[in-house]
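Student: One structure, pasted below without further comment.
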Protein chains: 2
Amino acid sequence: MAPAPAQQTDTLEQAVLAANRRFYAAFESLDLAEMEEIWAHEEWVQCVHPGWNLLVDWDVVRESWARIFSNTERVQIAISSVWAHVQGEVAWVACTEHVTTSFAGGFDTALVQAMNLFVLQDGAWRMVAHHASPLPAALEPPVQ
Amino acid sequence: MAPAPAQQTDTLEQAVLAANRRFYAAFESLDLAEMEEIWAHEEWVQCVHPGWNLLVDWDVVRESWARIFSNTERVQIAISSVWAHVQGEVAWVACTEHVTTSFAGGFDTALVQAMNLFVLQDGAWRMVAHHASPLPAALEPPVQ
């Protein structure tokens, strides 16, 4: 397909970055209904949580978020080093997550490198893949 | 765009899987010239090696492969749990890498979860992103 005009590409990229922010807001809110809105409900969606094996299929991915949310009391996520690219009706965002999680009786901080993949469906960018992996300890301050 | 006919999609998926195999063959061969053929030479290509920070831009990504290859005596990579999806002119492959690396004086084995992203350029699938992250120890036998 022909490249989109620059202005259209910028607008699409802004919409992708908004979808990416919405994903992290749903994560922070532990809001499963919102997470359901964000993801495409397809058999081929993929998700890798830090240190987990690959999950495939929306039903399986949804179940993983439900489990994570039910085991998490409170989580805060700041993102930095955000890189987005739009290619036709597919877009991806790489970013570094600075994750602070509260459990019963304690909290944990972690640095996570994420690749988030989105597909344009009915005019909205839906997440179709999330690959998050542990990084060594933070060397840079988080930027919200 | 309209969905491609099933047969065409299958053929495209086979070509993506072939590109993915070619990537691992180049990695095993420590062949930088072949790696240059496989990747798109774009400013926006992205690469995350296990435990590394995000690298952006082909020149930076190429330099990382050169460094890895020059520090590696021998590497063997078997892949398993391969999932591919084609969406227009973008495709991605998730797979588990079973990596055995030989250094001077020893060797190391590691299980790595990878997300490989490809874009169709001039009729060929070129790699535009590679995100590889460490997994806990192997629970399943590798399948070549």
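Ordered as shown in the structure tokens, chains take letters A, B, and onward, while each chain numbers its residues from 1 and ligands are numbered from 1 in the order shown.
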Just asking: which residues within chain B are strand (DSSP E or B) according to DSSP, as a ChimeraX atom specification?
Tutor: /B:39,46-48,55-56,74-87,90-103,106-121,124-134
Student: Hey, what's within 10 Å of Ile68 of chain B if we count only C-alpha atoms and toss same-chain stuff fewer than 5 positions away? As an MDAnalysis selection string, please?
Tutor: chainID B and resid 27 30 49 62:63 73
Student: Now that the selection is made, can you save its residues with C-alpha atoms as a CSV table (one decimal), in the first residue's frame?
Tutor:
```
chain,number,residue,atom,x,y,z
B,27,PHE,CA,22.6,-16.4,14.4
B,30,LEU,CA,27.6,-16.0,13.5
B,49,HIS,CA,18.7,-9.0,23.6
B,62,ARG,CA,23.9,-4.3,13.6
B,63,GLU,CA,26.7,-3.2,16.0
B,73,GLU,CA,32.8,-19.0,19.8
```
Student: Please check the contacts: residues of chain B at most 7 Å away from chain A, using only C-alpha atoms, listed as a PyMOL selection string.
Tutor: chain B and resi 51-52+90+133-136
Student: Okay, now the selection with all heavy atoms, as a PDB file, in the first residue's frame?
Tutor:
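The resulting file, part15.pdb, is reproduced below:
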```pdb
ATOM      1  N   GLY B  51      18.040  -9.408  28.635  1.00  0.00           N
ATOM      2  CA  GLY B  51      18.638  -8.615  29.704  1.00  0.00           C
ATOM      3  C   GLY B  51      19.216  -7.285  29.266  1.00  0.00           C
ATOM      4  O   GLY B  51      19.670  -6.500  30.098  1.00  0.00           O
ATOM      5  N   TRP B  52      19.219  -7.015  27.946  1.00  0.00           N
ATOM      6  CA  TRP B  52      19.742  -5.732  27.453  1.00  0.00           C
ATOM      7  C   TRP B  52      18.626  -4.697  27.433  1.00  0.00           C
ATOM      8  O   TRP B  52      17.453  -5.024  27.389  1.00  0.00           O
ATOM      9  CB  TRP B  52      20.242  -5.868  26.007  1.00  0.00           C
ATOM     10  CG  TRP B  52      21.469  -6.674  25.771  1.00  0.00           C
ATOM     11  CD1 TRP B  52      21.828  -7.837  26.377  1.00  0.00           C
ATOM     12  CD2 TRP B  52      22.486  -6.385  24.805  1.00  0.00           C
ATOM     13  NE1 TRP B  52      23.008  -8.296  25.848  1.00  0.00           N
ATOM     14  CE2 TRP B  52      23.434  -7.427  24.871  1.00  0.00           C
ATOM     15  CE3 TRP B  52      22.687  -5.356  23.865  1.00  0.00           C
ATOM     16  CZ2 TRP B  52      24.569  -7.475  24.065  1.00  0.00           C
ATOM     17  CZ3 TRP B  52      23.805  -5.396  23.057  1.00  0.00           C
ATOM     18  CH2 TRP B  52      24.747  -6.438  23.168  1.00  0.00           C
ATOM     19  N   VAL B  90       2.596  -6.912   7.571  1.00  0.00           N
ATOM     20  CA  VAL B  90       3.356  -7.097   8.813  1.00  0.00           C
ATOM     21  C   VAL B  90       3.084  -8.516   9.324  1.00  0.00           C
ATOM     22  O   VAL B  90       1.975  -9.033   9.158  1.00  0.00           O
ATOM     23  CB  VAL B  90       2.933  -6.064   9.883  1.00  0.00           C
ATOM     24  CG1 VAL B  90       3.758  -6.218  11.153  1.00  0.00           C
ATOM     25  CG2 VAL B  90       3.055  -4.639   9.339  1.00  0.00           C
ATOM     26  N   SER B 133      13.877 -12.608  25.608  1.00  0.00           N
ATOM     27  CA  SER B 133      13.954 -12.443  27.064  1.00  0.00           C
ATOM     28  C   SER B 133      14.123 -13.787  27.756  1.00  0.00           C
ATOM     29  O   SER B 133      13.630 -14.810  27.292  1.00  0.00           O
ATOM     30  CB  SER B 133      12.696 -11.737  27.555  1.00  0.00           C
ATOM     31  OG  SER B 133      11.545 -12.484  27.258  1.00  0.00           O
ATOM     32  N   PRO B 134      14.856 -13.775  28.879  1.00  0.00           N
ATOM     33  CA  PRO B 134      15.156 -15.027  29.576  1.00  0.00           C
ATOM     34  C   PRO B 134      13.900 -15.658  30.166  1.00  0.00           C
ATOM     35  O   PRO B 134      13.000 -14.975  30.642  1.00  0.00           O
ATOM     36  CB  PRO B 134      16.112 -14.586  30.684  1.00  0.00           C
ATOM     37  CG  PRO B 134      15.884 -13.120  30.853  1.00  0.00           C
ATOM     38  CD  PRO B 134      15.440 -12.595  29.539  1.00  0.00           C
ATOM     39  N   LEU B 135      13.853 -16.987  30.120  1.00  0.00           N
ATOM     40  CA  LEU B 135      12.788 -17.772  30.735  1.00  0.00           C
ATOM     41  C   LEU B 135      13.398 -18.629  31.833  1.00  0.00           C
ATOM     42  O   LEU B 135      14.596 -18.906  31.816  1.00  0.00           O
ATOM     43  CB  LEU B 135      12.146 -18.705  29.702  1.00  0.00           C
ATOM     44  CG  LEU B 135      11.080 -18.127  28.780  1.00  0.00           C
ATOM     45  CD1 LEU B 135      10.637 -19.172  27.783  1.00  0.00           C
ATOM     46  CD2 LEU B 135       9.881 -17.637  29.585  1.00  0.00           C
ATOM     47  N   PRO B 136      12.581 -19.086  32.779  1.00  0.00           N
ATOM     48  CA  PRO B 136      13.084 -20.073  33.741  1.00  0.00           C
ATOM     49  C   PRO B 136      13.548 -21.340  33.003  1.00  0.00           C
ATOM     50  O   PRO B 136      13.265 -21.513  31.815  1.00  0.00           O
ATOM     51  CB  PRO B 136      11.868 -20.362  34.622  1.00  0.00           C
ATOM     52  CG  PRO B 136      10.988 -19.172  34.460  1.00  0.00           C
ATOM     53  CD  PRO B 136      11.190 -18.704  33.047  1.00  0.00           C
TER      54      PRO B 136
END
```
Student: Gln14 of chain A: which residues within 12 Å, counting only C-alpha atoms, same-chain residues fewer than 3 positions away excluded, as a VMD selection string?
Tutor: chain A and resid 7 to 11 17 to 21 83 to 86 91 93 125
Student: Could you write out chain A as a compact mmCIF listing (two decimals) with N, CA and C atoms, in the first residue's frame once it has been least-squares superposed on chain B using every ordered C-alpha pair?
Tutor:
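Okay, this is what ended up in result.txt:
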```txt
# COMPACT_ATOMS: atom_id res chain seq x y z
N MET A 1 -7.89 -3.02 4.64
CA MET A 1 -7.78 -3.81 3.41
C MET A 1 -8.57 -5.11 3.57
N ALA A 2 -8.99 -5.68 2.44
CA ALA A 2 -9.76 -6.93 2.49
C ALA A 2 -8.85 -8.08 2.92
N PRO A 3 -9.40 -9.04 3.68
CA PRO A 3 -8.58 -10.19 4.08
C PRO A 3 -8.09 -10.93 2.84
N ALA A 4 -6.87 -11.43 2.90
CA ALA A 4 -6.32 -12.21 1.79
C ALA A 4 -7.00 -13.57 1.78
N PRO A 5 -7.13 -14.21 0.60
CA PRO A 5 -7.67 -15.57 0.56
C PRO A 5 -6.81 -16.49 1.41
N ALA A 6 -7.44 -17.58 1.89
CA ALA A 6 -6.76 -18.48 2.82
C ALA A 6 -5.45 -19.01 2.25
N GLN A 7 -5.49 -19.38 0.96
CA GLN A 7 -4.29 -19.98 0.37
C GLN A 7 -3.14 -18.97 0.35
N GLN A 8 -3.47 -17.71 0.00
CA GLN A 8 -2.43 -16.67 -0.02
C GLN A 8 -1.87 -16.44 1.38
N THR A 9 -2.77 -16.43 2.38
CA THR A 9 -2.33 -16.24 3.76
C THR A 9 -1.39 -17.35 4.18
N ASP A 10 -1.73 -18.60 3.82
CA ASP A 10 -0.87 -19.74 4.16
C ASP A 10 0.52 -19.57 3.54
N THR A 11 0.55 -19.14 2.29
CA THR A 11 1.83 -18.97 1.60
C THR A 11 2.65 -17.89 2.27
N LEU A 12 1.98 -16.77 2.62
CA LEU A 12 2.69 -15.68 3.30
C LEU A 12 3.24 -16.17 4.63
N GLU A 13 2.44 -16.96 5.36
CA GLU A 13 2.87 -17.46 6.67
C GLU A 13 4.07 -18.38 6.51
N GLN A 14 4.05 -19.23 5.48
CA GLN A 14 5.20 -20.10 5.24
C GLN A 14 6.46 -19.28 4.96
N ALA A 15 6.29 -18.19 4.21
CA ALA A 15 7.43 -17.34 3.90
C ALA A 15 7.95 -16.65 5.16
N VAL A 16 7.05 -16.27 6.05
CA VAL A 16 7.46 -15.66 7.32
C VAL A 16 8.23 -16.67 8.17
N LEU A 17 7.72 -17.90 8.23
CA LEU A 17 8.40 -18.94 9.01
C LEU A 17 9.78 -19.24 8.42
N ALA A 18 9.89 -19.17 7.10
CA ALA A 18 11.19 -19.37 6.45
C ALA A 18 12.14 -18.23 6.83
N ALA A 19 11.63 -17.00 6.86
CA ALA A 19 12.46 -15.85 7.25
C ALA A 19 12.92 -16.01 8.70
N ASN A 20 12.02 -16.53 9.54
CA ASN A 20 12.36 -16.74 10.95
C ASN A 20 13.46 -17.80 11.09
N ARG A 21 13.33 -18.88 10.32
CA ARG A 21 14.38 -19.93 10.36
C ARG A 21 15.71 -19.37 9.85
N ARG A 22 15.63 -18.53 8.81
CA ARG A 22 16.86 -17.94 8.24
C ARG A 22 17.57 -17.06 9.28
N PHE A 23 16.76 -16.35 10.07
CA PHE A 23 17.33 -15.52 11.16
C PHE A 23 18.13 -16.39 12.13
N TYR A 24 17.55 -17.52 12.55
CA TYR A 24 18.24 -18.36 13.52
C TYR A 24 19.45 -19.07 12.90
N ALA A 25 19.37 -19.37 11.60
CA ALA A 25 20.51 -19.97 10.91
C ALA A 25 21.66 -18.96 10.87
N ALA A 26 21.35 -17.68 10.60
CA ALA A 26 22.40 -16.64 10.58
C ALA A 26 23.00 -16.47 11.97
N PHE A 27 22.14 -16.54 12.99
CA PHE A 27 22.58 -16.42 14.38
C PHE A 27 23.54 -17.57 14.70
N GLU A 28 23.14 -18.80 14.38
CA GLU A 28 23.97 -19.97 14.66
C GLU A 28 25.30 -19.91 13.90
N SER A 29 25.25 -19.37 12.68
CA SER A 29 26.47 -19.30 11.85
C SER A 29 27.35 -18.12 12.23
N LEU A 30 26.84 -17.25 13.11
CA LEU A 30 27.57 -16.03 13.50
C LEU A 30 27.94 -15.25 12.23
N ASP A 31 26.96 -15.17 11.31
CA ASP A 31 27.19 -14.63 9.96
C ASP A 31 26.56 -13.23 9.88
N LEU A 32 27.41 -12.22 10.04
CA LEU A 32 26.92 -10.84 10.07
C LEU A 32 26.38 -10.40 8.71
N ALA A 33 27.02 -10.86 7.63
CA ALA A 33 26.55 -10.48 6.29
C ALA A 33 25.13 -11.02 6.06
N GLU A 34 24.90 -12.24 6.52
CA GLU A 34 23.57 -12.84 6.37
C GLU A 34 22.56 -12.10 7.27
N MET A 35 22.99 -11.72 8.47
CA MET A 35 22.11 -10.96 9.36
C MET A 35 21.73 -9.63 8.72
N GLU A 36 22.66 -9.03 7.99
CA GLU A 36 22.37 -7.77 7.29
C GLU A 36 21.31 -7.96 6.21
N GLU A 37 21.31 -9.14 5.59
CA GLU A 37 20.30 -9.44 4.56
C GLU A 37 18.92 -9.60 5.17
N ILE A 38 18.89 -10.12 6.38
CA ILE A 38 17.62 -10.49 7.02
C ILE A 38 16.88 -9.27 7.57
N TRP A 39 17.64 -8.31 8.13
CA TRP A 39 17.02 -7.14 8.75
C TRP A 39 16.71 -6.04 7.74
N ALA A 40 15.64 -5.29 8.00
CA ALA A 40 15.39 -4.04 7.29
C ALA A 40 16.38 -3.02 7.82
N HIS A 41 16.96 -2.24 6.92
CA HIS A 41 17.96 -1.25 7.33
C HIS A 41 17.26 0.09 7.54
N GLU A 42 16.50 0.16 8.62
CA GLU A 42 15.67 1.34 8.90
C GLU A 42 16.05 1.92 10.26
N GLU A 43 15.81 3.23 10.39
CA GLU A 43 16.10 3.91 11.67
C GLU A 43 15.20 3.40 12.79
N TRP A 44 14.06 2.82 12.41
CA TRP A 44 13.06 2.48 13.44
C TRP A 44 13.08 1.01 13.81
N VAL A 45 14.06 0.23 13.32
CA VAL A 45 14.08 -1.17 13.77
C VAL A 45 14.49 -1.23 15.24
N GLN A 46 13.99 -2.25 15.92
CA GLN A 46 14.19 -2.37 17.37
C GLN A 46 14.73 -3.75 17.72
N CYS A 47 15.55 -3.81 18.76
CA CYS A 47 16.08 -5.10 19.19
C CYS A 47 16.31 -5.08 20.71
N VAL A 48 15.84 -6.13 21.36
CA VAL A 48 16.12 -6.34 22.78
C VAL A 48 16.74 -7.72 22.93
N HIS A 49 18.04 -7.76 23.23
CA HIS A 49 18.70 -9.02 23.56
C HIS A 49 18.37 -9.35 25.03
N PRO A 50 18.45 -10.64 25.41
CA PRO A 50 18.05 -11.00 26.79
C PRO A 50 18.79 -10.16 27.84
N GLY A 51 18.05 -9.41 28.63
CA GLY A 51 18.63 -8.62 29.71
C GLY A 51 19.22 -7.29 29.27
N TRP A 52 19.21 -7.01 27.95
CA TRP A 52 19.74 -5.74 27.45
C TRP A 52 18.62 -4.70 27.43
N ASN A 53 19.02 -3.44 27.38
CA ASN A 53 18.06 -2.38 27.12
C ASN A 53 17.70 -2.38 25.63
N LEU A 54 16.61 -1.68 25.33
CA LEU A 54 16.15 -1.56 23.94
C LEU A 54 17.20 -0.88 23.07
N LEU A 55 17.45 -1.45 21.89
CA LEU A 55 18.28 -0.81 20.88
C LEU A 55 17.38 -0.38 19.72
N VAL A 56 17.58 0.82 19.22
CA VAL A 56 16.79 1.33 18.10
C VAL A 56 17.74 1.81 17.01
N ASP A 57 17.37 1.56 15.74
CA ASP A 57 18.14 1.99 14.57
C ASP A 57 19.03 0.83 14.09
N TRP A 58 18.96 0.56 12.80
CA TRP A 58 19.69 -0.57 12.24
C TRP A 58 21.19 -0.50 12.57
N ASP A 59 21.79 0.69 12.47
CA ASP A 59 23.24 0.79 12.72
C ASP A 59 23.57 0.30 14.13
N VAL A 60 22.74 0.64 15.08
CA VAL A 60 22.96 0.24 16.48
C VAL A 60 22.71 -1.26 16.65
N VAL A 61 21.65 -1.74 16.01
CA VAL A 61 21.31 -3.17 16.09
C VAL A 61 22.40 -4.00 15.42
N ARG A 62 22.86 -3.55 14.26
CA ARG A 62 23.94 -4.27 13.56
C ARG A 62 25.18 -4.36 14.46
N GLU A 63 25.53 -3.25 15.11
CA GLU A 63 26.69 -3.22 15.99
C GLU A 63 26.55 -4.23 17.13
N SER A 64 25.32 -4.39 17.63
CA SER A 64 25.10 -5.34 18.73
C SER A 64 25.33 -6.78 18.26
N TRP A 65 24.87 -7.10 17.05
CA TRP A 65 25.12 -8.45 16.51
C TRP A 65 26.60 -8.67 16.29
N ALA A 66 27.29 -7.63 15.78
CA ALA A 66 28.74 -7.74 15.56
C ALA A 66 29.43 -8.05 16.88
N ARG A 67 29.01 -7.37 17.95
CA ARG A 67 29.64 -7.57 19.26
C ARG A 67 29.34 -8.97 19.80
N ILE A 68 28.08 -9.39 19.67
CA ILE A 68 27.71 -10.73 20.15
C ILE A 68 28.47 -11.79 19.38
N PHE A 69 28.54 -11.64 18.06
CA PHE A 69 29.22 -12.65 17.23
C PHE A 69 30.72 -12.70 17.56
N SER A 70 31.33 -11.53 17.81
CA SER A 70 32.78 -11.53 18.08
C SER A 70 33.09 -12.10 19.46
N ASN A 71 32.08 -12.11 20.36
CA ASN A 71 32.29 -12.65 21.71
C ASN A 71 31.81 -14.09 21.85
N THR A 72 31.35 -14.68 20.76
CA THR A 72 30.80 -16.03 20.81
C THR A 72 31.65 -16.95 19.95
N GLU A 73 32.03 -18.06 20.54
CA GLU A 73 32.84 -19.02 19.81
C GLU A 73 31.94 -19.92 18.97
N ARG A 74 30.81 -20.34 19.60
CA ARG A 74 29.91 -21.28 18.94
C ARG A 74 28.56 -21.20 19.64
N VAL A 75 27.49 -21.23 18.86
CA VAL A 75 26.16 -21.21 19.46
C VAL A 75 25.24 -22.16 18.69
N GLN A 76 24.40 -22.87 19.44
CA GLN A 76 23.39 -23.72 18.82
C GLN A 76 22.03 -23.29 19.32
N ILE A 77 21.08 -23.16 18.41
CA ILE A 77 19.74 -22.70 18.79
C ILE A 77 18.70 -23.63 18.20
N ALA A 78 17.93 -24.26 19.07
CA ALA A 78 16.75 -25.01 18.62
C ALA A 78 15.53 -24.19 19.01
N ILE A 79 14.51 -24.19 18.17
CA ILE A 79 13.31 -23.42 18.52
C ILE A 79 12.11 -24.34 18.68
N SER A 80 11.20 -23.94 19.57
CA SER A 80 9.97 -24.70 19.79
C SER A 80 8.83 -23.73 20.02
N SER A 81 7.62 -24.25 20.10
CA SER A 81 6.42 -23.44 20.36
C SER A 81 6.37 -22.22 19.44
N VAL A 82 6.40 -22.47 18.15
CA VAL A 82 6.43 -21.40 17.15
C VAL A 82 5.01 -20.99 16.76
N TRP A 83 4.70 -19.72 16.94
CA TRP A 83 3.39 -19.18 16.57
C TRP A 83 3.59 -18.01 15.64
N ALA A 84 2.98 -18.07 14.46
CA ALA A 84 3.13 -16.97 13.49
C ALA A 84 1.76 -16.38 13.18
N HIS A 85 1.76 -15.09 12.88
CA HIS A 85 0.54 -14.43 12.44
C HIS A 85 0.89 -13.37 11.40
N VAL A 86 0.13 -13.36 10.30
CA VAL A 86 0.34 -12.37 9.24
C VAL A 86 -0.84 -11.41 9.24
N GLN A 87 -0.54 -10.12 9.22
CA GLN A 87 -1.59 -9.09 9.19
C GLN A 87 -1.18 -8.06 8.14
N GLY A 88 -1.73 -8.21 6.93
CA GLY A 88 -1.34 -7.31 5.83
C GLY A 88 0.12 -7.49 5.51
N GLU A 89 0.87 -6.40 5.56
CA GLU A 89 2.30 -6.46 5.21
C GLU A 89 3.20 -6.53 6.44
N VAL A 90 2.61 -6.92 7.57
CA VAL A 90 3.36 -7.09 8.81
C VAL A 90 3.09 -8.51 9.32
N ALA A 91 4.08 -9.13 9.90
CA ALA A 91 3.91 -10.47 10.47
C ALA A 91 4.77 -10.60 11.70
N TRP A 92 4.34 -11.45 12.61
CA TRP A 92 5.16 -11.66 13.80
C TRP A 92 5.18 -13.14 14.16
N VAL A 93 6.29 -13.54 14.75
CA VAL A 93 6.50 -14.93 15.15
C VAL A 93 6.93 -14.93 16.61
N ALA A 94 6.24 -15.69 17.43
CA ALA A 94 6.70 -15.94 18.80
C ALA A 94 7.28 -17.34 18.83
N CYS A 95 8.39 -17.51 19.49
CA CYS A 95 8.97 -18.84 19.62
C CYS A 95 9.87 -18.90 20.85
N THR A 96 10.13 -20.13 21.29
CA THR A 96 11.03 -20.35 22.40
C THR A 96 12.37 -20.82 21.84
N GLU A 97 13.44 -20.12 22.24
CA GLU A 97 14.78 -20.47 21.79
C GLU A 97 15.47 -21.29 22.88
N HIS A 98 16.06 -22.41 22.48
CA HIS A 98 16.88 -23.21 23.39
C HIS A 98 18.32 -22.98 22.95
N VAL A 99 19.02 -22.12 23.67
CA VAL A 99 20.31 -21.59 23.22
C VAL A 99 21.45 -22.22 24.02
N THR A 100 22.38 -22.83 23.31
CA THR A 100 23.60 -23.34 23.93
C THR A 100 24.77 -22.56 23.35
N THR A 101 25.49 -21.85 24.22
CA THR A 101 26.57 -20.98 23.79
C THR A 101 27.90 -21.49 24.32
N SER A 102 28.92 -21.50 23.46
CA SER A 102 30.28 -21.87 23.88
C SER A 102 31.13 -20.61 23.95
N PHE A 103 31.75 -20.41 25.09
CA PHE A 103 32.73 -19.33 25.26
C PHE A 103 34.10 -19.99 25.32
N ALA A 104 35.14 -19.15 25.43
CA ALA A 104 36.46 -19.70 25.72
C ALA A 104 36.38 -20.30 27.12
N GLY A 105 36.55 -21.60 27.22
CA GLY A 105 36.63 -22.22 28.54
C GLY A 105 35.32 -22.69 29.13
N GLY A 106 34.23 -22.68 28.37
CA GLY A 106 33.01 -23.18 28.97
C GLY A 106 31.82 -23.05 28.04
N PHE A 107 30.65 -23.44 28.53
CA PHE A 107 29.44 -23.24 27.74
C PHE A 107 28.27 -22.95 28.67
N ASP A 108 27.22 -22.42 28.08
CA ASP A 108 26.06 -22.00 28.85
C ASP A 108 24.81 -22.39 28.07
N THR A 109 23.78 -22.84 28.78
CA THR A 109 22.51 -23.09 28.09
C THR A 109 21.45 -22.17 28.67
N ALA A 110 20.57 -21.71 27.84
CA ALA A 110 19.54 -20.78 28.29
C ALA A 110 18.26 -21.01 27.49
N LEU A 111 17.16 -20.70 28.16
CA LEU A 111 15.85 -20.75 27.52
C LEU A 111 15.39 -19.32 27.34
N VAL A 112 15.02 -18.97 26.12
CA VAL A 112 14.71 -17.58 25.78
C VAL A 112 13.38 -17.52 25.05
N GLN A 113 12.53 -16.58 25.44
CA GLN A 113 11.26 -16.37 24.73
C GLN A 113 11.45 -15.20 23.78
N ALA A 114 11.13 -15.41 22.50
CA ALA A 114 11.37 -14.37 21.50
C ALA A 114 10.10 -13.95 20.78
N MET A 115 10.04 -12.68 20.45
CA MET A 115 9.02 -12.12 19.56
C MET A 115 9.76 -11.50 18.39
N ASN A 116 9.52 -12.01 17.21
CA ASN A 116 10.18 -11.50 16.01
C ASN A 116 9.16 -10.88 15.08
N LEU A 117 9.44 -9.66 14.65
CA LEU A 117 8.49 -8.90 13.84
C LEU A 117 9.10 -8.68 12.46
N PHE A 118 8.28 -8.89 11.42
CA PHE A 118 8.75 -8.77 10.03
C PHE A 118 7.82 -7.85 9.25
N VAL A 119 8.40 -7.15 8.27
CA VAL A 119 7.63 -6.30 7.37
C VAL A 119 7.97 -6.72 5.95
N LEU A 120 6.94 -6.76 5.08
CA LEU A 120 7.16 -7.13 3.68
C LEU A 120 7.75 -5.93 2.93
N GLN A 121 8.97 -6.07 2.45
CA GLN A 121 9.64 -5.01 1.69
C GLN A 121 10.11 -5.61 0.37
N ASP A 122 9.62 -5.06 -0.73
CA ASP A 122 10.01 -5.54 -2.07
C ASP A 122 9.86 -7.05 -2.18
N GLY A 123 8.76 -7.56 -1.64
CA GLY A 123 8.44 -8.98 -1.78
C GLY A 123 9.12 -9.91 -0.80
N ALA A 124 9.96 -9.36 0.10
CA ALA A 124 10.67 -10.21 1.07
C ALA A 124 10.32 -9.78 2.49
N TRP A 125 10.18 -10.75 3.38
CA TRP A 125 9.93 -10.44 4.79
C TRP A 125 11.25 -10.06 5.45
N ARG A 126 11.35 -8.81 5.90
CA ARG A 126 12.55 -8.32 6.58
C ARG A 126 12.25 -8.17 8.07
N MET A 127 13.19 -8.57 8.89
CA MET A 127 13.02 -8.40 10.34
C MET A 127 13.09 -6.93 10.71
N VAL A 128 12.14 -6.47 11.51
CA VAL A 128 12.14 -5.08 11.97
C VAL A 128 12.17 -4.98 13.50
N ALA A 129 11.92 -6.08 14.18
CA ALA A 129 12.05 -6.08 15.64
C ALA A 129 12.32 -7.49 16.14
N HIS A 130 13.17 -7.57 17.15
CA HIS A 130 13.49 -8.84 17.82
C HIS A 130 13.52 -8.53 19.30
N HIS A 131 12.66 -9.19 20.04
CA HIS A 131 12.63 -9.00 21.50
C HIS A 131 12.81 -10.39 22.12
N ALA A 132 13.96 -10.60 22.75
CA ALA A 132 14.29 -11.90 23.33
C ALA A 132 14.50 -11.73 24.82
N SER A 133 13.88 -12.62 25.60
CA SER A 133 13.95 -12.45 27.06
C SER A 133 14.12 -13.79 27.75
N PRO A 134 14.85 -13.77 28.87
CA PRO A 134 15.14 -15.02 29.58
C PRO A 134 13.89 -15.66 30.16
N LEU A 135 13.85 -16.99 30.11
CA LEU A 135 12.78 -17.76 30.73
C LEU A 135 13.38 -18.63 31.82
N PRO A 136 12.56 -19.08 32.77
CA PRO A 136 13.06 -20.07 33.73
C PRO A 136 13.52 -21.35 33.00
N ALA A 137 14.19 -22.21 33.71
CA ALA A 137 14.80 -23.42 33.12
C ALA A 137 13.81 -24.24 32.30
N ALA A 138 14.34 -24.97 31.34
CA ALA A 138 13.54 -25.74 30.38
C ALA A 138 12.67 -26.79 31.06
N LEU A 139 11.42 -26.87 30.64
CA LEU A 139 10.51 -27.89 31.12
C LEU A 139 10.12 -28.82 29.99
N GLU A 140 10.47 -28.45 28.76
CA GLU A 140 10.06 -29.24 27.60
C GLU A 140 11.28 -29.47 26.71
N PRO A 141 11.30 -30.59 26.00
CA PRO A 141 12.43 -30.85 25.10
C PRO A 141 12.38 -29.91 23.90
N PRO A 142 13.53 -29.50 23.38
CA PRO A 142 13.54 -28.66 22.19
C PRO A 142 13.10 -29.43 20.97
N VAL A 143 12.49 -28.74 20.03
CA VAL A 143 12.11 -29.32 18.75
C VAL A 143 12.77 -28.49 17.66
N GLN A 144 13.58 -29.10 16.85
CA GLN A 144 14.27 -28.33 15.80
C GLN A 144 13.33 -28.14 14.63
```
Student: Residues of chain B in helix (DSSP H, G or I) according to DSSP, as a PyMOL selection string?
Tutor: chain B and resi 6-29+32-38+58-70
